There are 4 protein chains.
Amino acid sequence: MNKKASLERITTKTSEGDLVALASTKSKYFLFRLKKDEKLQTHRGIIQHNDLIGLPWGSQVYSHQGSAFYLLQPGIYELVSSTRRNTQVMYPKDIGFIILKMSIMPGTTVIEAGTGSGSLTQVLASVVGSTGRVYSYDAREEMINLTRKNLDRLGLVETVSFFCKNIEEGFEQKNVDAIFLDLPNPYDYLRQVKDALKPGGFFGTLLPTSNQITKLLLELRRNGFEFVDVCEIMLRFYQADENKFRPVDRMVAHTGYLVFSRSILNSDHQLESSIEKPPSADE
Amino acid sequence: MNKKASLERITTKTSEGDLVALASTKSKYFLFRLKKDEKLQTHRGIIQHNDLIGLPWGSQVYSHQGSAFYLLQPGIYELVSSTRRNTQVMYPKDIGFIILKMSIMPGTTVIEAGTGSGSLTQVLASVVGSTGRVYSYDAREEMINLTRKNLDRLGLVETVSFFCKNIEEGFEQKNVDAIFLDLPNPYDYLRQVKDALKPGGFFGTLLPTSNQITKLLLELRRNGFEFVDVCEIMLRFYQADENKFRPVDRMVAHTGYLVFSRSILNSDHQLESSIEKPPSADE
Amino acid sequence: MNKKASLERITTKTSEGDLVALASTKSKYFLFRLKKDEKLQTHRGIIQHNDLIGLPWGSQVYSHQGSAFYLLQPGIYELVSSTRRNTQVMYPKDIGFIILKMSIMPGTTVIEAGTGSGSLTQVLASVVGSTGRVYSYDAREEMINLTRKNLDRLGLVETVSFFCKNIEEGFEQKNVDAIFLDLPNPYDYLRQVKDALKPGGFFGTLLPTSNQITKLLLELRRNGFEFVDVCEIMLRFYQADENKFRPVDRMVAHTGYLVFSRSILNSDHQLESSIEKPPSADE
Amino acid sequence: MNKKASLERITTKTSEGDLVALASTKSKYFLFRLKKDEKLQTHRGIIQHNDLIGLPWGSQVYSHQGSAFYLLQPGIYELVSSTRRNTQVMYPKDIGFIILKMSIMPGTTVIEAGTGSGSLTQVLASVVGSTGRVYSYDAREEMINLTRKNLDRLGLVETVSFFCKNIEEGFEQKNVDAIFLDLPNPYDYLRQVKDALKPGGFFGTLLPTSNQITKLLLELRRNGFEFVDVCEIMLRFYQADENKFRPVDRMVAHTGYLVFSRSILNSDHQLESSIEKPPSADE
């Protein structure tokens, strides 16, 4: 048996094998797993893992140079934020809204494509839990490997099935609850989405340009998707100073437009239903 | 025995007892539970529950007047949005971010106060799942009853413990992972928060005015909270029209400032640790 | 003799013929011109013009029912805002930026089309002053008449020349400093703009949809415009309450995207210049 | 004779003494005044002033290395933007709105304090024109000298009177139309503002923190100011690419909160008026 699922096992003290965030007050995090006899080299001095094992979370600790750090259990937010090594990552502001809008929860089955650097994958896996399932598609093997590594760090790798293939050929699942496409051309795969999504299921995507959005809106209409919502989320941070409370100077102006929709049943399935179609349906 | 957890049991066809959303294309939802021989009265005609039971999700159905509706499984977003009967509700844009920032996931134990109309409670309960727990405090019994009813609708009532009491006296839990205060004066309860929160745990709140924020920032510093983040989230919807893509005319300008922080260990606990304090700690 | 230019003649006391704003503290304005023996009927009582003539600006006055009002000289902002009787008006937030970005100032010659309800016309006329000139085109005579009336109220009618014609045929001016198009299809008139604008002159427009913008961007490039800037301005008001300082609940989410550009000289004119073209110009 | 007012004298060809903007397509400007026999050194080659004198505005010219530039007449926007050498400058997005909200136009008399680096001074001077007047106060002589130099460049120096003194002692003017304070503590000078402003006149300020705003709101109420508006302006630029239309990645998140108000007559002046105060005034 193993204790992988560190994010699910919330403790009050550290143990060997725990994922920790060692944070200075300057909002810089060191994320690593505790390992006996290892040490962490920082620009502000060295810290021995052995000194951290068994300490209560929230403790203040010091490097050999006397620099102060706090010993914290990393949250999903820090983990996603620390994933940002490639330009094309999803931001927590968008991911949080996606989770709600697409009704991702324990037990949900969800497809994502592409896997990318796995920031969304990590949150999906943590939310659907052991009773749900994430199916993640990417044609680039290195992306899958990177994400697998990130998930392993969280003890979540067993919640996700990876498929290294082009989704042009379709998905291998049927009747999943939700599908999120993080690709430049989602409008090319709506038939595949529809085939894999349960009727009434949730579809979502994130696109940076308005040109992509207008193409997608047209294709959604053509492919029997309804209840389309398009939105954008702007996140502005403030200086946490009680004497000088104000927004910070600069912010992210744009990550992408979010599009959500629900797949509806094609009319041919409709005819099988016990409800007769009326002579003329008003809009 | 019953099949409460409708949100966790994702199906492809409706059954009696299911919670359904009957939606016209004009983004108006009727949320109700399917019950044999009942009927739904709408301004666009009557619909028999019996005609809906056993249909695939995503089906298009018609009222006796011929008006079209789609039969959808309600997502958490629709449920939260439909909770909005009081002015003081939390918005999905904020809730989604809270979930991520406070690392709420399956297995998390979380306190919220007050319960309010329960929009946050519903999401917390759905995300922490059966392995987690929500402790919800409110001094107003009617709020607890309302929220209990909303949770029951989702089959989530057993995930939440309610406490009808003033939090001035403190919380009954220890070492919870996260605490969210949805109260006008969270700065008055930081000692109680600290007592109930595990070291390093996540604290969050939402406050409408800058005056409340500056008071809170001062008290957070005084009570041993670190890593304070203050932010606001703006959500703007767009017209989903491929020929006239543009933001809608009006939007919500403000719900509140979000504040997040982490409880750190007081220095007296610190002294018990095996790490010696250095002669002089730099900042 | 006439006392038209009330906006330019700033006084400390009212005289007959002055344009006044009678304002309650609830930010509701009555805008009218003082006329001996007339009276103003409000829902909070009657006010005699005779009682207002000769009073210092800023005085508090009372209706026969005892309701308090302040006697203010209307600013350009109030006048523009009060113009809002049609849906298609320009907002001060956009107009202020246009004035700066297009370098409108005393002495500037500027074309606008269409005239619309004249909110921009009023500001242009007030800023270019007696040494500048506004040329305003609209095919709808009723719009010109409405704007003429609004300008007359400000004593600015003589600064503006109106042209009731379709701009398809071109503008009657040459070498104007700036041209602003407030039309749904500015991309159809860029040749006409170029013909009337001095080389290097300022072009601007405001368009609600991204579809219009992308069409325009293409045509700007084709027609020899450079230094294209596209932006949007969001204006958020706050509650002016020192104990509850916060943004108001709702705001305008969108008026339009602003586009600015500068007309450059076509290469055939270029050849006349004394500077030789280099063998190969890098970009 | 002098050719100061270069911004008012709009021409189609350059002459010696003209202020020019030499711009590459990459939105980099060189701002300078044309002078016979001088040369401009750029990182992309040398350009002789003699080659530019007499050319039509909007011409494309080349450095000796063959790099292309456009010869443009600088607008007020470019001039204000190029003023940004100190951190504390005002942005065009705010200045444009201030001009409208405070009804600055040809003929207006306006006080500003402090002068700062003069970005607002330049716009005020250009808008009030030769029939208006700007009175600019700053206790730091170097700021006044810097601004005077910037104004001279624009031929606007004669429109502005400078006062190198602390405004604690009051302003030397009476009955000006508008006063703008660009100072960290405007709440300390409201009596002085009131003394110098005509009754009903326009007051404005820009403050970065909410703490300053709440102090100011209190003092405005105490000092007989009404019609207080607080707002903020967010400006977001877009990529001007017809195939990839989207907001740019990052933006300025905050410059300051704008506050506007109007000075009303104190009740003692009120009593001199011919209108009797009613027994009891409702609000």
# chains A, B, ... in the order shown; residues from 1 in each chain; ligands from 1
>>> residues_around(residues="Leu124 in chain D", least_positions_apart="6", cutoff="12 Å", atoms="only C-alpha atoms", output="PyMOL selection string")
(chain C and resi 100+105-106+127) or (chain D and resi 76+80+92+95-96+98-100+102-112+115+118+130+132-136+151+156-157+159-160+178-180)
>>> select_by_dssp(residues="range 106-225 of chain A", states="strand (DSSP E)", output="ChimeraX atom specification")
/A:109-113,133-137,160-163,176-181,197-207,225
>>> interface_residues(of="chain B", to="chain D", cutoff="10 Å", atoms="only C-alpha atoms", output="number ranges by chain")
B: 209-211, 214
>>> select_by_dssp(residues="range 22-153 of chain A", states="alpha helix (DSSP H)", output="MDAnalysis selection string")
chainID A and resid 49:52 76:82 92:101 119:128 141:153
>>> residues_around(residues="Val248 in chain A", least_positions_apart="4", cutoff="9 Å", atoms="only C-alpha atoms", output="list in words")
Arg236, Phe237, Tyr238 and Gln239 of chain A; Val252, Ala253 and His254 of chain D
>>> closest_residue(among="C:Ile53, C:Pro184, C:Phe30, C:Phe202", to="Glu78 in chain C", atoms="only C-alpha atoms")
C:Phe30
>>> closest_residue(among="B:Ala139, B:Leu34, B:Ala68, B:Leu183", to="Gly54 in chain B", atoms="only C-alpha atoms")
B:Leu34
>>> residues_around(residues="range 19-22 of chain A", least_positions_apart="6", cutoff="7 Å", atoms="only C-alpha atoms", output="ChimeraX atom specification")
/A:29-34,69-74
>>> residues_around(residues="Gly114 in chain D", least_positions_apart="6", cutoff="10 Å", atoms="only C-alpha atoms", output="JSON, numbers by chain")
{"D": [121, 136, 137, 138, 139, 140, 143, 144, 163, 164, 165, 166, 167, 180, 181, 182, 183, 184]}
>>> write_last_selection(atoms="N, CA and C atoms", output="compact mmCIF listing (two decimals), in the first residue's frame")
# COMPACT_ATOMS: atom_id res chain seq x y z
N THR D 121 0.24 69.40 -17.19
CA THR D 121 0.42 70.81 -17.55
C THR D 121 0.38 71.01 -19.06
N SER D 136 0.43 77.00 -12.29
CA SER D 136 1.00 75.73 -11.86
C SER D 136 1.93 75.94 -10.66
N TYR D 137 1.63 75.22 -9.56
CA TYR D 137 2.37 75.40 -8.31
C TYR D 137 3.23 74.17 -8.01
N ASP D 138 4.47 74.41 -7.62
CA ASP D 138 5.30 73.33 -7.13
C ASP D 138 6.38 73.91 -6.24
N ALA D 139 6.66 73.24 -5.13
CA ALA D 139 7.70 73.76 -4.22
C ALA D 139 9.10 73.40 -4.72
N ARG D 140 9.17 72.50 -5.70
CA ARG D 140 10.49 72.06 -6.19
C ARG D 140 10.83 72.79 -7.48
N MET D 143 11.34 70.84 -10.82
CA MET D 143 10.15 70.36 -11.53
C MET D 143 9.59 71.45 -12.44
N ILE D 144 9.57 72.64 -11.92
CA ILE D 144 9.08 73.77 -12.72
C ILE D 144 9.98 73.97 -13.94
N PHE D 163 4.44 79.00 -10.04
CA PHE D 163 4.61 79.52 -8.69
C PHE D 163 5.42 78.50 -7.90
N CYS D 164 6.63 78.89 -7.54
CA CYS D 164 7.48 77.97 -6.80
C CYS D 164 7.26 78.20 -5.31
N LYS D 165 6.22 77.61 -4.78
CA LYS D 165 5.90 77.81 -3.37
C LYS D 165 5.03 76.67 -2.84
N ASN D 166 5.00 76.56 -1.56
CA ASN D 166 4.17 75.57 -0.89
C ASN D 166 2.72 76.08 -0.86
N ILE D 167 1.77 75.24 -1.22
CA ILE D 167 0.39 75.72 -1.30
C ILE D 167 -0.29 75.79 0.06
N PHE D 180 -6.84 71.27 -9.98
CA PHE D 180 -6.46 69.86 -9.89
C PHE D 180 -5.25 69.73 -8.99
N LEU D 181 -5.37 68.87 -7.97
CA LEU D 181 -4.25 68.62 -7.07
C LEU D 181 -3.63 67.27 -7.37
N ASP D 182 -2.38 67.27 -7.72
CA ASP D 182 -1.64 66.03 -7.93
C ASP D 182 -0.58 65.94 -6.83
N LEU D 183 -1.06 65.64 -5.64
CA LEU D 183 -0.27 65.65 -4.41
C LEU D 183 -0.69 64.46 -3.57
N PRO D 184 0.18 63.96 -2.71
CA PRO D 184 -0.23 62.81 -1.88
C PRO D 184 -1.28 63.15 -0.81
>>> closest_residue(among="C:Ala196, C:Leu55, C:Leu265, C:Val123", to="Thr14 in chain C", atoms="only C-alpha atoms")
C:Leu55
>>> residues_around(residues="Glu242 in chain A", least_positions_apart="4", cutoff="9 Å", atoms="only C-alpha atoms", output="list in words")
Ile213, Thr214, Lys215, Leu216, Leu217 and Leu218 of chain B; Asn211 of chain D
>>> write_last_selection(atoms="N, CA, C and O atoms", output="mmCIF file, in the first residue's frame")
data_model
loop_
_atom_site.group_PDB
_atom_site.id
_atom_site.type_symbol
_atom_site.label_atom_id
_atom_site.label_comp_id
_atom_site.auth_asym_id
_atom_site.auth_seq_id
_atom_site.Cartn_x
_atom_site.Cartn_y
_atom_site.Cartn_z
ATOM 1 N N ILE B 213 -11.075 45.676 4.446
ATOM 2 C CA ILE B 213 -9.804 45.035 4.077
ATOM 3 C C ILE B 213 -8.655 45.595 4.914
ATOM 4 O O ILE B 213 -7.829 44.836 5.433
ATOM 5 N N THR B 214 -8.590 46.888 5.049
ATOM 6 C CA THR B 214 -7.446 47.455 5.779
ATOM 7 C C THR B 214 -7.494 47.048 7.251
ATOM 8 O O THR B 214 -6.461 46.766 7.849
ATOM 9 N N LYS B 215 -8.694 46.985 7.808
ATOM 10 C CA LYS B 215 -8.813 46.465 9.187
ATOM 11 C C LYS B 215 -8.304 45.027 9.269
ATOM 12 O O LYS B 215 -7.581 44.639 10.183
ATOM 13 N N LEU B 216 -8.727 44.232 8.305
ATOM 14 C CA LEU B 216 -8.338 42.826 8.325
ATOM 15 C C LEU B 216 -6.833 42.649 8.169
ATOM 16 O O LEU B 216 -6.215 41.824 8.854
ATOM 17 N N LEU B 217 -6.235 43.420 7.269
ATOM 18 C CA LEU B 217 -4.790 43.276 7.025
ATOM 19 C C LEU B 217 -3.994 43.527 8.306
ATOM 20 O O LEU B 217 -3.042 42.815 8.621
ATOM 21 N N LEU B 218 -4.427 44.530 9.050
ATOM 22 C CA LEU B 218 -3.765 44.827 10.327
ATOM 23 C C LEU B 218 -3.884 43.646 11.284
ATOM 24 O O LEU B 218 -2.897 43.201 11.890
ATOM 25 N N ASN D 211 -6.685 54.350 1.160
ATOM 26 C CA ASN D 211 -6.555 55.077 2.425
ATOM 27 C C ASN D 211 -6.603 56.581 2.191
ATOM 28 O O ASN D 211 -7.250 57.323 2.947
#
>>> residues_around(residues="Ser263 in chain C", least_positions_apart="4", cutoff="12 Å", atoms="only C-alpha atoms", output="short mmCIF file (atom, residue, chain, number, x, y, z; two decimals) with N, CA and C atoms, in the first residue's frame")
data_model
loop_
_atom_site.label_atom_id
_atom_site.label_comp_id
_atom_site.auth_asym_id
_atom_site.auth_seq_id
_atom_site.Cartn_x
_atom_site.Cartn_y
_atom_site.Cartn_z
N ASN C 175 -6.70 68.14 -46.43
CA ASN C 175 -5.66 68.46 -45.45
C ASN C 175 -6.16 68.78 -44.04
N VAL C 176 -7.24 68.15 -43.62
CA VAL C 176 -7.67 68.34 -42.23
C VAL C 176 -6.71 67.57 -41.32
N ASP C 177 -6.68 67.99 -40.06
CA ASP C 177 -5.73 67.40 -39.11
C ASP C 177 -6.15 66.01 -38.64
N ALA C 178 -7.47 65.80 -38.57
CA ALA C 178 -7.95 64.56 -37.96
C ALA C 178 -9.33 64.20 -38.50
N ILE C 179 -9.60 62.91 -38.60
CA ILE C 179 -10.93 62.43 -39.03
C ILE C 179 -11.37 61.31 -38.10
N LEU C 190 -12.02 54.32 -46.29
CA LEU C 190 -10.65 54.70 -45.96
C LEU C 190 -9.99 55.52 -47.08
N ARG C 191 -10.38 55.26 -48.32
CA ARG C 191 -9.85 56.05 -49.43
C ARG C 191 -10.29 57.51 -49.30
N GLN C 192 -11.57 57.68 -48.96
CA GLN C 192 -12.09 59.03 -48.76
C GLN C 192 -11.40 59.71 -47.58
N VAL C 193 -11.14 58.94 -46.53
CA VAL C 193 -10.43 59.49 -45.37
C VAL C 193 -9.06 59.98 -45.79
N LYS C 194 -8.38 59.13 -46.52
CA LYS C 194 -7.00 59.46 -46.93
C LYS C 194 -6.97 60.72 -47.80
N ASP C 195 -7.98 60.85 -48.67
CA ASP C 195 -8.01 62.02 -49.55
C ASP C 195 -8.21 63.32 -48.78
N ALA C 196 -8.93 63.26 -47.68
CA ALA C 196 -9.27 64.49 -46.96
C ALA C 196 -8.27 64.81 -45.84
N LEU C 197 -7.54 63.79 -45.41
CA LEU C 197 -6.64 63.95 -44.27
C LEU C 197 -5.28 64.45 -44.74
N LYS C 198 -4.67 65.34 -43.98
CA LYS C 198 -3.32 65.74 -44.34
C LYS C 198 -2.37 64.56 -44.15
N PRO C 199 -1.28 64.54 -44.87
CA PRO C 199 -0.34 63.43 -44.67
C PRO C 199 0.12 63.38 -43.22
N GLY C 200 0.15 62.19 -42.66
CA GLY C 200 0.53 62.05 -41.26
C GLY C 200 -0.61 62.32 -40.30
N GLY C 201 -1.79 62.66 -40.82
CA GLY C 201 -2.92 63.04 -39.98
C GLY C 201 -3.48 61.88 -39.16
N PHE C 202 -4.36 62.24 -38.21
CA PHE C 202 -4.90 61.28 -37.26
C PHE C 202 -6.24 60.72 -37.71
N PHE C 203 -6.35 59.40 -37.71
CA PHE C 203 -7.62 58.75 -37.98
C PHE C 203 -8.06 58.00 -36.74
N GLY C 204 -9.37 58.04 -36.46
CA GLY C 204 -9.90 57.29 -35.32
C GLY C 204 -11.30 56.78 -35.58
N LEU C 220 -7.01 49.00 -43.28
CA LEU C 220 -6.02 50.03 -42.91
C LEU C 220 -4.68 49.70 -43.53
N ARG C 221 -4.30 48.45 -43.44
CA ARG C 221 -3.03 48.04 -44.01
C ARG C 221 -3.01 48.23 -45.53
N ARG C 222 -4.13 47.89 -46.16
CA ARG C 222 -4.21 48.01 -47.62
C ARG C 222 -4.19 49.45 -48.10
N ASN C 223 -4.63 50.38 -47.25
CA ASN C 223 -4.79 51.77 -47.67
C ASN C 223 -3.71 52.71 -47.17
N GLY C 224 -2.60 52.13 -46.69
CA GLY C 224 -1.50 53.01 -46.30
C GLY C 224 -1.73 53.75 -45.00
N PHE C 225 -2.21 53.07 -44.01
CA PHE C 225 -2.26 53.65 -42.66
C PHE C 225 -1.25 52.89 -41.81
N GLU C 226 -0.60 53.61 -40.91
CA GLU C 226 0.39 52.97 -40.06
C GLU C 226 0.13 53.36 -38.60
N PHE C 227 0.92 52.81 -37.70
CA PHE C 227 0.84 53.14 -36.28
C PHE C 227 -0.57 52.92 -35.75
N VAL C 228 -1.08 51.74 -36.02
CA VAL C 228 -2.44 51.40 -35.60
C VAL C 228 -2.43 51.01 -34.11
N TRP D 57 4.68 66.02 -44.30
CA TRP D 57 4.42 65.15 -43.16
C TRP D 57 3.93 63.79 -43.67
N GLY D 58 4.26 62.76 -42.95
CA GLY D 58 3.82 61.43 -43.35
C GLY D 58 4.78 60.75 -44.31
N SER D 59 5.85 61.45 -44.71
CA SER D 59 6.82 60.84 -45.63
C SER D 59 7.59 59.72 -44.97
N GLN D 60 7.99 58.77 -45.79
CA GLN D 60 8.88 57.73 -45.31
C GLN D 60 10.30 58.16 -45.64
N TYR D 70 9.11 57.03 -40.40
CA TYR D 70 8.09 57.95 -40.87
C TYR D 70 8.27 59.29 -40.18
N LEU D 71 8.02 60.34 -40.95
CA LEU D 71 8.17 61.70 -40.45
C LEU D 71 6.79 62.21 -40.04
N LEU D 72 6.56 62.30 -38.74
CA LEU D 72 5.22 62.66 -38.26
C LEU D 72 5.26 63.91 -37.40
N GLN D 73 4.15 64.62 -37.42
CA GLN D 73 3.97 65.73 -36.49
C GLN D 73 3.54 65.10 -35.16
#
>>> closest_residue(among="B:Met90, B:Leu154, B:Leu52, B:Leu146", to="Leu207 in chain B", atoms="only C-alpha atoms")
B:Met90
>>> atom_distance(atom1="CA of Asn243 in chain B", atom2="CA of Leu120 in chain C")
27.2 Å
>>> decode(residues="range 194-230 of chain D", atoms="C-alpha atoms", output="mmCIF file, in the first residue's frame")
data_model
loop_
_atom_site.group_PDB
_atom_site.id
_atom_site.type_symbol
_atom_site.label_atom_id
_atom_site.label_comp_id
_atom_site.auth_asym_id
_atom_site.auth_seq_id
_atom_site.Cartn_x
_atom_site.Cartn_y
_atom_site.Cartn_z
ATOM 1 C CA LYS D 194 -12.129 76.566 -1.812
ATOM 2 C CA ASP D 195 -10.673 80.045 -1.432
ATOM 3 C CA ALA D 196 -9.233 80.054 -4.932
ATOM 4 C CA LEU D 197 -12.024 78.257 -6.770
ATOM 5 C CA LYS D 198 -15.074 80.099 -8.017
ATOM 6 C CA PRO D 199 -18.292 78.961 -6.401
ATOM 7 C CA GLY D 200 -19.511 75.840 -8.144
ATOM 8 C CA GLY D 201 -16.052 75.295 -9.616
ATOM 9 C CA PHE D 202 -14.469 71.967 -10.447
ATOM 10 C CA PHE D 203 -12.080 70.168 -8.131
ATOM 11 C CA GLY D 204 -10.157 67.052 -9.101
ATOM 12 C CA THR D 205 -7.372 64.815 -7.855
ATOM 13 C CA LEU D 206 -5.743 61.445 -8.485
ATOM 14 C CA LEU D 207 -4.683 59.215 -5.589
ATOM 15 C CA PRO D 208 -3.157 55.745 -5.658
ATOM 16 C CA THR D 209 -4.415 54.255 -2.372
ATOM 17 C CA SER D 210 -7.850 53.705 -0.875
ATOM 18 C CA ASN D 211 -6.555 55.077 2.425
ATOM 19 C CA GLN D 212 -5.978 58.455 0.819
ATOM 20 C CA ILE D 213 -9.402 58.353 -0.776
ATOM 21 C CA THR D 214 -11.294 57.722 2.448
ATOM 22 C CA LYS D 215 -9.433 60.570 4.156
ATOM 23 C CA LEU D 216 -10.258 62.853 1.274
ATOM 24 C CA LEU D 217 -13.939 61.902 1.185
ATOM 25 C CA LEU D 218 -14.279 62.870 4.826
ATOM 26 C CA GLU D 219 -12.576 66.224 4.312
ATOM 27 C CA LEU D 220 -14.570 67.015 1.196
ATOM 28 C CA ARG D 221 -17.771 66.652 3.181
ATOM 29 C CA ARG D 222 -16.409 68.815 5.989
ATOM 30 C CA ASN D 223 -15.317 71.572 3.622
ATOM 31 C CA GLY D 224 -18.454 72.055 1.595
ATOM 32 C CA PHE D 225 -17.816 70.063 -1.519
ATOM 33 C CA GLU D 226 -20.655 68.217 -3.193
ATOM 34 C CA PHE D 227 -21.269 65.971 -6.193
ATOM 35 C CA VAL D 228 -18.316 63.778 -5.429
ATOM 36 C CA ASP D 229 -17.471 61.172 -8.065
ATOM 37 C CA VAL D 230 -14.801 58.545 -7.558
#
